[in-house]
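S.K.: This one is query13.cif, mmCIF, C-alpha atoms.
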data_final
#
loop_
_atom_site.label_atom_id
_atom_site.label_comp_id
_atom_site.auth_asym_id
_atom_site.auth_seq_id
_atom_site.Cartn_x
_atom_site.Cartn_y
_atom_site.Cartn_z
CA MET J 1 0.00 0.00 0.00
CA ASP J 2 1.66 3.19 -1.13
CA ARG J 3 -0.35 5.96 0.41
CA PRO J 4 0.33 8.04 3.48
CA ALA J 5 -0.83 6.31 6.65
CA ASP J 6 -3.21 8.21 8.84
CA ILE J 7 -1.20 9.61 11.75
CA SER J 8 -3.77 8.12 14.16
CA GLN J 9 -2.90 4.66 12.87
CA ILE J 10 0.45 4.92 14.60
CA GLU J 11 -1.32 4.29 17.89
CA SER J 12 -2.66 0.92 16.67
CA VAL J 13 -1.53 -2.33 18.29
CA HIS J 14 2.23 -2.89 18.13
CA ARG J 15 3.82 -6.21 17.25
CA VAL J 16 6.92 -7.15 19.22
CA LEU J 17 9.16 -9.98 18.03
CA ALA J 18 11.33 -11.85 20.55
CA ILE J 19 14.27 -13.87 19.19
CA ASP J 20 15.75 -16.30 21.70
CA ASP J 21 16.80 -19.93 21.32
CA ASP J 22 15.49 -20.78 24.81
CA GLN J 23 11.77 -21.49 24.88
CA ASN J 24 11.77 -20.98 28.65
CA VAL J 25 12.51 -17.33 27.91
CA HIS J 26 9.60 -17.21 25.41
CA ARG J 27 7.17 -18.55 28.00
CA LEU J 28 8.46 -16.15 30.62
CA LEU J 29 8.14 -13.13 28.33
CA LYS J 30 4.62 -14.12 27.25
CA ALA J 31 3.50 -14.54 30.85
CA ARG J 32 5.11 -11.36 32.14
CA LEU J 33 4.21 -9.11 29.22
CA LYS J 34 0.66 -10.32 28.60
CA GLN J 35 -0.89 -7.22 30.19
CA GLU J 36 1.03 -4.92 27.86
CA SER J 37 -0.71 -3.30 24.92
CA PHE J 38 1.20 -5.13 22.19
CA GLU J 39 1.21 -8.55 20.58
CA LEU J 40 4.27 -10.67 21.31
CA PHE J 41 5.65 -13.19 18.81
CA CYS J 42 8.57 -15.48 19.62
CA VAL J 43 10.99 -17.39 17.41
CA THR J 44 13.97 -19.55 18.33
CA ASP J 45 16.40 -18.80 15.51
CA GLY J 46 17.76 -15.87 13.55
CA ALA J 47 16.86 -17.11 10.06
CA SER J 48 13.15 -17.47 10.92
CA ALA J 49 13.21 -14.10 12.64
CA LEU J 50 14.68 -12.36 9.59
CA ARG J 51 12.06 -13.95 7.34
CA MET J 52 9.26 -12.90 9.65
CA ALA J 53 10.63 -9.36 10.00
CA GLN J 54 10.83 -8.99 6.22
CA GLU J 55 7.28 -10.22 5.67
CA THR J 56 5.64 -8.22 8.45
CA PRO J 57 8.04 -5.79 10.07
CA PRO J 58 7.37 -5.65 13.82
CA SER J 59 7.36 -2.42 15.85
CA LEU J 60 10.18 -3.68 18.09
CA ILE J 61 12.56 -6.64 18.34
CA LEU J 62 13.90 -8.24 21.54
CA LEU J 63 17.08 -10.04 20.55
CA ASP J 64 19.24 -12.61 22.31
CA LEU J 65 22.91 -12.55 21.28
CA ASP J 66 24.16 -16.02 22.19
CA MET J 67 22.32 -18.32 19.81
CA PRO J 68 23.56 -21.36 17.85
CA GLU J 69 23.99 -21.12 14.06
CA MET J 70 23.26 -17.43 13.47
CA ASP J 71 24.14 -15.37 16.53
CA GLY J 72 22.41 -12.16 17.57
CA TYR J 73 25.13 -9.92 16.17
CA GLU J 74 24.62 -11.39 12.70
CA VAL J 75 20.84 -11.04 13.01
CA LEU J 76 21.27 -7.40 14.03
CA ARG J 77 23.69 -6.76 11.18
CA ARG J 78 21.26 -8.21 8.61
CA LEU J 79 18.29 -6.32 10.06
CA LYS J 80 20.19 -3.07 9.67
CA GLU J 81 21.32 -3.90 6.13
CA SER J 82 17.80 -4.35 4.81
CA LYS J 83 15.75 -1.33 3.83
CA GLN J 84 12.63 -3.17 5.00
CA THR J 85 13.89 -3.77 8.55
CA HIS J 86 16.50 -1.06 9.00
CA ASP J 87 14.36 1.21 11.16
CA ILE J 88 12.95 -1.43 13.52
CA PRO J 89 14.26 -0.67 17.03
CA VAL J 90 16.11 -3.58 18.65
CA ILE J 91 16.57 -4.18 22.38
CA VAL J 92 19.26 -6.74 23.10
CA LEU J 93 18.48 -9.18 25.94
CA SER J 94 21.72 -10.96 26.56
CA GLY J 95 23.56 -13.04 29.10
CA LEU J 96 26.79 -11.51 27.82
CA PRO J 97 27.61 -8.78 30.34
CA SER J 98 30.89 -7.40 29.02
CA PRO J 99 31.19 -3.77 27.95
CA ALA J 100 32.67 -4.99 24.65
CA ASP J 101 29.46 -6.90 23.84
CA LYS J 102 27.37 -3.85 24.69
CA VAL J 103 29.53 -1.53 22.58
CA THR J 104 29.33 -3.90 19.62
CA ALA J 105 25.55 -4.21 19.91
CA PHE J 106 25.05 -0.44 20.08
CA ASP J 107 27.50 0.09 17.21
CA LEU J 108 25.46 -2.33 15.12
CA GLY J 109 22.30 -0.31 15.78
CA ALA J 110 20.66 -1.64 18.96
CA VAL J 111 18.66 0.99 20.86
CA ASP J 112 19.00 -0.67 24.26
CA TYR J 113 20.77 -3.54 26.03
CA MET J 114 19.58 -5.54 29.03
CA THR J 115 21.66 -8.19 30.73
CA LYS J 116 20.10 -11.52 31.70
CA PRO J 117 18.75 -12.32 34.19
CA PHE J 118 16.61 -9.24 33.61
CA ASP J 119 14.07 -7.67 35.90
CA MET J 120 10.65 -7.95 34.33
CA MET J 121 9.42 -4.57 35.57
CA GLU J 122 12.50 -2.95 34.08
CA LEU J 123 11.99 -4.79 30.80
CA ARG J 124 8.37 -3.64 30.64
CA VAL J 125 9.26 0.03 31.04
CA ARG J 126 12.15 -0.21 28.58
CA VAL J 127 9.89 -1.82 25.98
CA ARG J 128 7.25 0.88 26.52
CA SER J 129 9.89 3.57 26.19
CA ALA J 130 11.28 2.07 22.97
CA LEU J 131 7.79 1.80 21.46
CA ARG J 132 7.00 5.40 22.42
CA MET J 133 10.20 6.56 20.76
CA ALA J 134 9.47 4.46 17.66
CA ASP J 135 6.04 6.08 17.39
CA LEU J 136 7.55 9.55 17.54
CA VAL J 137 10.19 8.75 14.93
CA GLN J 138 7.56 7.25 12.62
CA MET J 139 5.31 10.27 13.08
CA LEU J 140 8.13 12.69 12.24
CA ALA J 141 9.10 10.65 9.19
CA GLN J 142 5.52 10.64 7.96
CA ARG J 143 4.98 14.32 8.58
CA ALA J 144 8.11 15.11 6.62
CA HIS J 145 6.45 13.47 3.61
CA ILE J 146 2.86 14.56 4.02
CA ASP J 147 1.13 17.75 2.98
CA GLY J 148 -0.57 19.12 6.07
CA LEU J 149 -3.66 20.51 4.33
CA THR J 150 -4.65 17.62 2.07
CA GLY J 151 -3.03 14.62 3.76
CA LEU J 152 -1.50 13.60 0.42
CA TYR J 153 2.20 13.10 -0.14
CA ASN J 154 4.12 16.38 -0.48
CA ARG J 155 6.52 17.46 -3.19
CA ALA J 156 9.57 15.91 -1.50
CA ALA J 157 7.82 12.55 -1.34
CA PHE J 158 6.74 12.92 -4.97
CA ASP J 159 10.33 13.51 -6.08
CA GLU J 160 11.50 10.31 -4.34
CA ARG J 161 8.71 8.16 -5.70
CA TRP J 162 8.92 9.64 -9.18
CA GLN J 163 12.59 8.75 -9.34
CA ALA J 164 11.75 5.15 -8.38
CA ALA J 165 8.86 4.96 -10.87
CA THR J 166 10.89 6.21 -13.85
CA ALA J 167 13.78 3.91 -12.94
CA GLU J 168 11.33 0.99 -13.01
CA ASN J 169 10.05 2.06 -16.43
CA ARG J 170 13.57 2.32 -17.82
CA ARG J 171 14.71 -1.00 -16.34
CA HIS J 172 11.73 -3.19 -17.14
CA GLY J 173 9.80 -1.20 -19.73
CA ARG J 174 6.62 -1.33 -17.67
CA PRO J 175 3.92 1.21 -18.64
CA LEU J 176 3.96 4.42 -16.65
CA SER J 177 1.93 7.62 -16.66
CA VAL J 178 2.03 10.80 -14.65
CA ALA J 179 -0.71 13.43 -14.46
CA LEU J 180 -0.52 17.05 -13.32
CA PHE J 181 -3.82 18.56 -12.13
CA ASP J 182 -4.34 22.30 -11.72
CA LEU J 183 -7.54 23.66 -10.18
CA ASP J 184 -9.09 26.19 -12.57
CA HIS J 185 -9.40 29.82 -11.51
CA PHE J 186 -8.23 28.95 -8.03
CA LYS J 187 -7.07 32.48 -7.27
CA SER J 188 -10.51 33.76 -8.08
CA ILE J 189 -12.12 31.28 -5.65
CA ASN J 190 -9.75 32.47 -2.95
CA ASP J 191 -10.33 36.14 -3.75
CA THR J 192 -14.10 35.85 -4.07
CA TYR J 193 -15.01 33.47 -1.25
CA GLY J 194 -11.98 33.72 1.03
CA HIS J 195 -9.11 31.41 1.90
CA PRO J 196 -11.26 28.91 3.82
CA ALA J 197 -13.13 28.26 0.56
CA GLY J 198 -9.84 27.85 -1.29
CA ASP J 199 -8.55 25.46 1.36
CA GLU J 200 -11.78 23.51 1.19
CA ALA J 201 -11.39 23.15 -2.59
CA LEU J 202 -7.84 21.83 -2.16
CA ARG J 203 -8.83 19.41 0.62
CA THR J 204 -11.84 18.12 -1.29
CA PHE J 205 -9.90 17.58 -4.48
CA GLY J 206 -7.16 15.80 -2.51
CA LYS J 207 -9.76 13.48 -1.00
CA LEU J 208 -11.35 12.85 -4.41
CA LEU J 209 -7.98 12.02 -5.96
CA ARG J 210 -7.10 9.66 -3.14
CA ARG J 211 -10.49 7.96 -3.17
CA GLU J 212 -10.59 7.44 -6.93
CA SER J 213 -7.00 6.32 -7.45
CA ARG J 214 -5.72 2.78 -7.04
CA GLU J 215 -3.66 1.52 -4.12
CA SER J 216 -0.60 1.48 -6.35
CA ASP J 217 -1.03 5.07 -7.53
CA ILE J 218 0.80 7.84 -5.72
CA ALA J 219 -1.16 11.04 -5.21
CA CYS J 220 0.73 14.19 -4.19
CA ARG J 221 0.15 17.85 -3.67
CA TYR J 222 2.68 19.21 -6.12
CA GLY J 223 2.48 22.82 -4.95
CA GLY J 224 -0.16 25.56 -4.59
CA GLU J 225 -3.28 24.40 -6.41
CA GLU J 226 -1.37 21.81 -8.41
CA PHE J 227 -1.52 18.05 -7.78
CA ALA J 228 0.39 15.14 -9.29
CA LEU J 229 -0.53 11.51 -9.68
CA ILE J 230 2.00 8.81 -10.49
CA MET J 231 0.28 5.85 -12.15
CA PRO J 232 2.54 2.78 -12.41
CA GLU J 233 1.50 0.03 -14.84
CA THR J 234 -0.78 2.49 -16.63
CA ALA J 235 -0.70 3.32 -20.34
CA PRO J 236 -1.40 6.96 -21.16
CA GLU J 237 -4.77 6.06 -22.76
CA ASP J 238 -5.92 4.48 -19.48
CA ALA J 239 -4.54 7.41 -17.52
CA VAL J 240 -6.66 9.75 -19.65
CA THR J 241 -9.79 7.70 -18.90
CA PHE J 242 -9.06 7.85 -15.19
CA CYS J 243 -8.23 11.57 -15.16
CA ASP J 244 -11.37 12.37 -17.11
CA ARG J 245 -13.45 10.53 -14.53
CA VAL J 246 -11.86 12.58 -11.72
CA ARG J 247 -12.36 15.77 -13.72
CA ILE J 248 -16.09 15.06 -14.22
CA LYS J 249 -16.65 14.06 -10.59
CA LEU J 250 -15.06 17.29 -9.39
CA SER J 251 -17.16 19.39 -11.73
CA GLU J 252 -20.34 17.75 -10.39
CA LEU J 253 -19.63 18.45 -6.72
CA GLN J 254 -21.79 20.90 -4.74
CA TRP J 255 -19.90 23.45 -2.65
CA PRO J 256 -21.58 24.64 0.58
CA MET J 257 -19.47 27.83 0.68
CA HIS J 258 -20.32 28.77 -2.91
CA PRO J 259 -23.25 26.69 -4.23
CA GLU J 260 -23.55 28.92 -7.26
CA ARG J 261 -20.06 28.12 -8.49
CA SER J 262 -18.52 24.78 -9.40
CA VAL J 263 -14.81 23.94 -9.23
CA THR J 264 -13.07 22.39 -12.22
CA VAL J 265 -9.62 21.08 -12.95
CA SER J 266 -7.34 21.01 -15.99
CA VAL J 267 -5.11 18.01 -16.49
CA GLY J 268 -1.93 17.18 -18.37
CA VAL J 269 -0.85 13.56 -18.77
CA ALA J 270 2.48 12.14 -19.92
CA GLY J 271 2.90 8.42 -20.34
CA ALA J 272 4.68 5.56 -22.05
CA THR J 273 4.10 1.85 -22.56
CA SER J 274 7.75 0.98 -23.18
CA PRO J 275 11.08 2.19 -21.75
CA ALA J 276 11.07 5.96 -22.28
CA THR J 277 14.28 7.34 -23.70
CA VAL J 278 13.91 10.73 -22.06
CA GLU J 279 15.21 12.04 -18.77
CA ARG J 280 13.08 11.97 -15.64
CA ASP J 281 12.36 15.69 -15.74
CA ALA J 282 11.31 15.54 -19.39
CA TRP J 283 8.22 13.54 -18.42
CA LEU J 284 7.16 16.35 -16.13
CA THR J 285 7.93 18.97 -18.76
CA SER J 286 5.71 17.02 -21.17
CA ALA J 287 2.90 16.70 -18.62
CA ASP J 288 3.21 20.39 -17.87
CA GLY J 289 3.02 21.18 -21.59
CA ALA J 290 -0.12 19.04 -21.88
CA LEU J 291 -1.59 20.83 -18.86
CA TYR J 292 -0.90 24.17 -20.53
CA THR J 293 -2.68 22.92 -23.65
CA SER J 294 -5.71 22.02 -21.49
CA LYS J 295 -5.70 25.50 -19.94
CA ARG J 296 -5.32 27.23 -23.29
CA GLY J 297 -8.05 25.04 -24.80
CA GLY J 298 -10.64 26.34 -22.35
CA ARG J 299 -9.83 24.49 -19.06
CA ASN J 300 -11.79 21.62 -17.47
CA ARG J 301 -10.24 19.08 -19.81
CA VAL J 302 -7.51 16.43 -20.08
CA THR J 303 -4.62 16.50 -22.55
CA ALA J 304 -2.11 13.68 -22.88
CA VAL J 305 1.18 13.08 -24.66
CA ARG J 306 3.39 10.03 -25.08
CA VAL J 307 6.95 10.60 -23.92
CA GLY J 308 9.98 9.31 -25.74
CA GLU J 309 7.80 8.56 -28.78
CA ALA J 310 7.95 11.85 -30.68
CA GLN J 311 5.69 13.20 -27.92
CA ALA J 312 2.53 12.37 -29.87
CA LYS J 313 -0.55 14.06 -28.58
CA LEU J 314 -3.25 11.60 -27.50
CA ALA J 315 -6.24 13.56 -26.35
CA GLY J 316 -7.34 17.06 -25.56
CA MET H 1 23.84 -20.25 55.76
CA ARG H 2 24.98 -23.49 54.22
CA GLU H 3 28.51 -23.99 53.03
CA THR H 4 29.42 -24.50 49.40
CA ASN H 5 30.03 -28.19 48.58
CA GLN H 6 27.70 -29.18 51.40
CA PRO H 7 24.47 -29.68 49.45
CA HIS H 8 21.32 -28.92 51.36
CA PRO H 9 19.17 -32.00 51.25
CA GLY H 10 15.80 -30.30 50.95
CA PRO H 11 13.92 -29.17 47.83
CA ILE H 12 14.42 -25.73 46.31
CA ARG H 13 11.15 -23.99 45.54
CA SER H 14 10.44 -21.13 43.14
CA GLU H 15 9.60 -17.82 44.73
CA PHE H 16 6.87 -17.58 42.05
CA ALA H 17 5.29 -20.98 42.84
CA THR H 18 2.05 -19.28 43.88
CA ASP H 19 2.15 -16.48 41.29
CA PRO H 20 -0.97 -17.00 39.15
CA ASP H 21 0.86 -15.77 36.01
CA LEU H 22 3.73 -18.20 36.41
CA ALA H 23 2.65 -21.17 38.55
CA ASP H 24 1.99 -23.49 35.58
CA LEU H 25 5.11 -22.35 33.75
CA VAL H 26 7.28 -22.98 36.80
CA VAL H 27 6.22 -26.63 36.62
CA GLU H 28 7.48 -26.81 33.02
CA PHE H 29 10.65 -24.95 33.92
CA VAL H 30 11.41 -27.34 36.76
CA ALA H 31 11.05 -30.24 34.33
CA SER H 32 13.55 -28.54 32.03
CA LEU H 33 15.96 -28.07 34.97
CA HIS H 34 15.83 -31.80 35.66
CA GLU H 35 16.63 -32.43 31.98
CA HIS H 36 19.50 -29.97 32.22
CA ALA H 37 20.82 -31.79 35.31
CA THR H 38 20.92 -35.08 33.42
CA ALA H 39 22.52 -33.53 30.35
CA LEU H 40 25.11 -31.64 32.43
CA ARG H 41 26.12 -34.87 34.14
CA GLU H 42 26.62 -36.55 30.76
CA ALA H 43 28.51 -33.56 29.38
CA LEU H 44 30.81 -33.47 32.40
CA GLY H 45 31.46 -37.20 31.98
CA SER H 46 32.47 -36.73 28.37
CA GLY H 47 34.38 -33.50 28.99
CA ASP H 48 32.07 -31.49 26.72
CA ALA H 49 32.73 -27.99 28.05
CA ALA H 50 30.96 -26.34 25.10
CA SER H 51 27.70 -28.09 25.93
CA ILE H 52 28.10 -27.20 29.62
CA ALA H 53 28.68 -23.54 28.68
CA ARG H 54 25.57 -23.47 26.46
CA ARG H 55 23.26 -25.10 29.00
CA SER H 56 24.50 -23.10 31.97
CA HIS H 57 24.12 -19.93 29.88
CA GLN H 58 20.45 -20.77 29.31
CA ILE H 59 19.83 -21.60 32.97
CA LYS H 60 21.52 -18.37 34.01
CA GLY H 61 19.27 -16.38 31.64
CA SER H 62 15.96 -17.76 32.86
CA GLY H 63 16.57 -19.11 36.38
CA SER H 64 15.86 -15.86 38.20
CA GLY H 65 12.90 -15.11 35.95
CA TYR H 66 11.24 -18.31 37.14
CA GLY H 67 12.04 -17.62 40.80
CA PHE H 68 15.21 -19.74 41.15
CA HIS H 69 17.73 -17.01 41.83
CA GLN H 70 20.25 -19.34 43.53
CA ILE H 71 20.23 -21.68 40.51
CA GLY H 72 20.69 -18.74 38.12
CA VAL H 73 23.72 -17.50 40.08
CA SER H 74 25.22 -21.00 40.22
CA ALA H 75 24.71 -21.40 36.46
CA GLY H 76 26.57 -18.11 35.94
CA VAL H 77 29.58 -19.51 37.83
CA VAL H 78 29.47 -22.72 35.75
CA GLU H 79 29.28 -20.78 32.50
CA ARG H 80 32.32 -18.69 33.46
CA ASN H 81 34.29 -21.81 34.42
CA ALA H 82 33.22 -23.65 31.26
CA ARG H 83 34.40 -20.78 29.09
CA ALA H 84 37.71 -20.84 30.96
CA VAL H 85 38.05 -24.54 30.07
CA LEU H 86 37.27 -23.70 26.45
CA GLY H 87 40.04 -21.10 26.77
CA GLY H 88 42.56 -23.74 27.78
CA GLN H 89 42.16 -24.42 31.51
CA GLY H 90 41.83 -27.96 32.81
CA LEU H 91 38.43 -29.59 33.18
CA GLU H 92 38.99 -30.09 36.92
CA SER H 93 38.43 -26.41 37.54
CA LEU H 94 34.90 -26.89 36.25
CA ARG H 95 33.87 -30.08 38.01
CA ALA H 96 32.95 -28.72 41.46
CA SER H 97 30.75 -25.93 40.17
CA VAL H 98 28.94 -28.25 37.74
CA ASP H 99 28.34 -30.76 40.55
CA GLU H 100 26.78 -28.01 42.62
CA LEU H 101 24.56 -26.84 39.74
CA ILE H 102 23.44 -30.42 39.01
CA ASP H 103 22.52 -30.83 42.67
CA LEU H 104 20.54 -27.57 42.71
CA CYS H 105 18.70 -28.40 39.46
CA ALA H 106 17.83 -31.88 40.68
CA ARG H 107 16.34 -30.45 43.88
CA ALA H 108 14.27 -27.80 42.15
CA ARG H 109 10.52 -28.12 42.78
CA ALA H 110 7.57 -26.02 41.67
#
Please lay out the structure from this file as structure tokens.
M.R.:
Amino acid sequence: MDRPADISQIESVHRVLAIDDDQNVHRLLKARLKQESFELFCVTDGASALRMAQETPPSLILLDLDMPEMDGYEVLRRLKESKQTHDIPVIVLSGLPSPADKVTAFDLGAVDYMTKPFDMMELRVRVRSALRMADLVQMLAQRAHIDGLTGLYNRAAFDERWQAATAENRRHGRPLSVALFDLDHFKSINDTYGHPAGDEALRTFGKLLRRESRESDIACRYGGEEFALIMPETAPEDAVTFCDRVRIKLSELQWPMHPERSVTVSVGVAGATSPATVERDAWLTSADGALYTSKRGGRNRVTAVRVGEAQAKLAG
Amino acid sequence: MRETNQPHPGPIRSEFATDPDLADLVVEFVASLHEHATALREALGSGDAASIARRSHQIKGSGSGYGFHQIGVSAGVVERNARAVLGGQGLESLRASVDELIDLCARARA
């Protein structure tokens, strides 16, 4: 799912993964932590733990160091090497008390270290503290990528995802389209009905775009009254169909702050069904050109071009 | 206060034997201690210091958690001695501490 998570979802139930080769420790942790507000999963070996963490990354890992086959250091190293598991906080629970072991664990990326035998009350508060910190870090990371007004991805997030999407198109030749949306006469809405009306138009369009797009699409506020939608696996013809549907739905909405006036959007689409030979920015230049054509042609319309294929105009 | 090497004849009970969260688990843990005692005896007989180190490490890690603090401490001593043997010391240095741990494990009761 590639859409911004609701900030409130951060407070949902955490999953904590305990990795220890001794099942007596598993039973003890389950009994002593059962009142805590997280789900605890236990595995006895590093390889299973890494698989599980890749498939469903937990909120926190409790890691034993002294395990047969793959020891805790190696597990920690591999967790930190993978993009999928890199940010999962790890508390080491170890019977190895030496400062050298602690230094190594922290150097490898552990957030905390408890020596066995550990006090259960202390473990509980350390786990709570680590989860609280993880929530805050996640919230900051999300806010850095989310537009505060619309809840869509912001421009910085768009740039990252656009780079990934175009790389995918170049590497595998998968279809790709991008659309730029610009609300028509937005300044006039602001000037005539006030900024709350303008903000409401932006928020409503953001919601419409998010609701109508697929899980795999990436909707962003591109800046001001401009929005962008990255549509992986989408030929430009299909992107036009989708954008036209959004355009019509917006034009049919009723606006409580100005019932006498509708809001419309102009759209420019750039897309390809094979590896595009142009640079990343050229796609956006093409989409922007198509958007300009929509504006010049009377607004409230969709114009599309193919990129890297003599920039043939498709619709408009 | 009993002296080391003078095993107390009575059972050793978990301080969490009546804890509703742990009572059932203590029973399982005691069974595992008895298994450890048997395995430690065999390992000592065959001079397998690595196995002694691994088992005592586990007992050290969970003994206190299940209310057997004395056993956890004893296991810590055995682990240290076993690692010393792995580092080149003679097995004799390990024998007394393993005997004591075996005795404690065998006397553990829920």
S.K.: Residues picked by the PyMOL selection byres ((chain H) within 7 of (chain J)) here, as a VMD selection string?
M.R.: chain H and resid 21 to 22 29 57 to 58 60 to 62 64 to 65
S.K.: Using only C-alpha atoms, pick whichever of H:Val30, H:Leu91, H:Ala23, H:Val73 has the shortest atom-to-atom distance to H:Ala49.
M.R.: H:Leu91
S.K.: For a quick check of your reading of the model, name the residues lying within 12 Å of the coordinate (18.6, -29.4, 39.1), counting all atoms listed in the file, and write them as a PyMOL selection string.
M.R.: chain H and resi 7+11-13+29-41+55-56+59+63+68+70-72+74-75+98-110
S.K.: Let me have the centre and edge lengths of the axis-aligned box enclosing all listed atoms of stretch 69-75 of chain H with 4 Å padding on every side, in Å to one decimal, as JSON.
M.R.:
{"center_x": 21.5, "center_y": -19.3, "center_z": 40.0, "size_x": 15.5, "size_y": 12.7, "size_z": 15.1}
S.K.: If you measure from atom CA of J:Lys207 to atom CA of J:Thr150, what distance in Å do you get, rounded to one decimal?
M.R.: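 Between atom CA of J:Lys207 and atom CA of J:Thr150 the gap works out to 7.3 Å.
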S.K.: Using Å and a single decimal, report how far atom CA of H:Tyr66 sits from atom CA of H:Glu42.
M.R.: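 Here the two named atoms are 24.7 Å from each other.
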S.K.: Pull out every residue that the PyMOL selection byres ((chain J and resi 85) around 12) matches in the shown coordinates and put them as a PDB file with C-alpha atoms, in the coordinates of the input.
M.R.:
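Now in result37.pdb:
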ATOM      1  CA  ALA J  49      13.210 -14.100  12.640  1.00  0.00           C
ATOM      2  CA  LEU J  50      14.680 -12.360   9.590  1.00  0.00           C
ATOM      3  CA  ARG J  51      12.060 -13.950   7.340  1.00  0.00           C
ATOM      4  CA  MET J  52       9.260 -12.900   9.650  1.00  0.00           C
ATOM      5  CA  ALA J  53      10.630  -9.360  10.000  1.00  0.00           C
ATOM      6  CA  GLN J  54      10.830  -8.990   6.220  1.00  0.00           C
ATOM      7  CA  GLU J  55       7.280 -10.220   5.670  1.00  0.00           C
ATOM      8  CA  THR J  56       5.640  -8.220   8.450  1.00  0.00           C
ATOM      9  CA  PRO J  57       8.040  -5.790  10.070  1.00  0.00           C
ATOM     10  CA  PRO J  58       7.370  -5.650  13.820  1.00  0.00           C
ATOM     11  CA  SER J  59       7.360  -2.420  15.850  1.00  0.00           C
ATOM     12  CA  LEU J  60      10.180  -3.680  18.090  1.00  0.00           C
ATOM     13  CA  ILE J  61      12.560  -6.640  18.340  1.00  0.00           C
ATOM     14  CA  VAL J  75      20.840 -11.040  13.010  1.00  0.00           C
ATOM     15  CA  LEU J  76      21.270  -7.400  14.030  1.00  0.00           C
ATOM     16  CA  ARG J  77      23.690  -6.760  11.180  1.00  0.00           C
ATOM     17  CA  ARG J  78      21.260  -8.210   8.610  1.00  0.00           C
ATOM     18  CA  LEU J  79      18.290  -6.320  10.060  1.00  0.00           C
ATOM     19  CA  LYS J  80      20.190  -3.070   9.670  1.00  0.00           C
ATOM     20  CA  GLU J  81      21.320  -3.900   6.130  1.00  0.00           C
ATOM     21  CA  SER J  82      17.800  -4.350   4.810  1.00  0.00           C
ATOM     22  CA  LYS J  83      15.750  -1.330   3.830  1.00  0.00           C
ATOM     23  CA  GLN J  84      12.630  -3.170   5.000  1.00  0.00           C
ATOM     24  CA  HIS J  86      16.500  -1.060   9.000  1.00  0.00           C
ATOM     25  CA  ASP J  87      14.360   1.210  11.160  1.00  0.00           C
ATOM     26  CA  ILE J  88      12.950  -1.430  13.520  1.00  0.00           C
ATOM     27  CA  PRO J  89      14.260  -0.670  17.030  1.00  0.00           C
ATOM     28  CA  VAL J  90      16.110  -3.580  18.650  1.00  0.00           C
ATOM     29  CA  GLY J 109      22.300  -0.310  15.780  1.00  0.00           C
TER      30      GLY J 109
END
S.K.: With distances taken over all atoms listed in the file, which residue among J:Ser262, J:Ser216, J:Gln254, J:Ser177 lies nearest J:Ala287?
M.R.: J:Ser177
S.K.: Could you name the residues that touch stretch 223-228 of chain J at 10 Å or less, counting all atoms listed in the file, but leaving out those on the same chain fewer than 6 positions away, as a ChimeraX atom specification?
M.R.: /J:147,152-155,158,178-187,198-199,201-202,205-206,209,265-269,284,287
S.K.: What is the atom CA of J:His258-atom CA of J:Tyr193 distance in Å, reported with one decimal?
M.R.: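 Distance between the two atoms: 7.3 Å.
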S.K.: What's the 9 Å shell around J:Leu131, counting all atoms listed in the file, without same-chain residues fewer than 2 positions away, as a list in words?
M.R.: His14, Ser59, Leu60, Pro89, Arg126, Val127, Arg128, Ser129, Met133, Ala134, Asp135 and Leu136 of chain J
S.K.: Generate N, CA and C atoms for stretch 78-87 of chain H and emit them as a PDB file, keeping the file's coordinate frame.
M.R.:
ATOM      1  N   VAL H  78      29.126 -21.591  36.632  1.00  0.00           N
ATOM      2  CA  VAL H  78      29.470 -22.720  35.750  1.00  0.00           C
ATOM      3  C   VAL H  78      29.823 -22.211  34.350  1.00  0.00           C
ATOM      4  N   GLU H  79      29.018 -21.285  33.851  1.00  0.00           N
ATOM      5  CA  GLU H  79      29.280 -20.780  32.500  1.00  0.00           C
ATOM      6  C   GLU H  79      30.677 -20.153  32.421  1.00  0.00           C
ATOM      7  N   ARG H  80      31.001 -19.352  33.450  1.00  0.00           N
ATOM      8  CA  ARG H  80      32.320 -18.690  33.460  1.00  0.00           C
ATOM      9  C   ARG H  80      33.437 -19.743  33.472  1.00  0.00           C
ATOM     10  N   ASN H  81      33.253 -20.761  34.326  1.00  0.00           N
ATOM     11  CA  ASN H  81      34.290 -21.810  34.420  1.00  0.00           C
ATOM     12  C   ASN H  81      34.381 -22.615  33.121  1.00  0.00           C
ATOM     13  N   ALA H  82      33.225 -22.872  32.501  1.00  0.00           N
ATOM     14  CA  ALA H  82      33.220 -23.650  31.260  1.00  0.00           C
ATOM     15  C   ALA H  82      33.939 -22.882  30.144  1.00  0.00           C
ATOM     16  N   ARG H  83      33.719 -21.583  30.115  1.00  0.00           N
ATOM     17  CA  ARG H  83      34.400 -20.780  29.090  1.00  0.00           C
ATOM     18  C   ARG H  83      35.912 -20.745  29.347  1.00  0.00           C
ATOM     19  N   ALA H  84      36.282 -20.793  30.638  1.00  0.00           N
ATOM     20  CA  ALA H  84      37.710 -20.840  30.960  1.00  0.00           C
ATOM     21  C   ALA H  84      38.318 -22.149  30.447  1.00  0.00           C
ATOM     22  N   VAL H  85      37.563 -23.247  30.592  1.00  0.00           N
ATOM     23  CA  VAL H  85      38.050 -24.540  30.070  1.00  0.00           C
ATOM     24  C   VAL H  85      38.191 -24.458  28.554  1.00  0.00           C
ATOM     25  N   LEU H  86      37.202 -23.854  27.920  1.00  0.00           N
ATOM     26  CA  LEU H  86      37.270 -23.700  26.450  1.00  0.00           C
ATOM     27  C   LEU H  86      38.474 -22.837  26.074  1.00  0.00           C
ATOM     28  N   GLY H  87      38.872 -21.969  27.022  1.00  0.00           N
ATOM     29  CA  GLY H  87      40.040 -21.100  26.770  1.00  0.00           C
ATOM     30  C   GLY H  87      41.355 -21.776  27.092  1.00  0.00           C
TER      31      GLY H  87
END
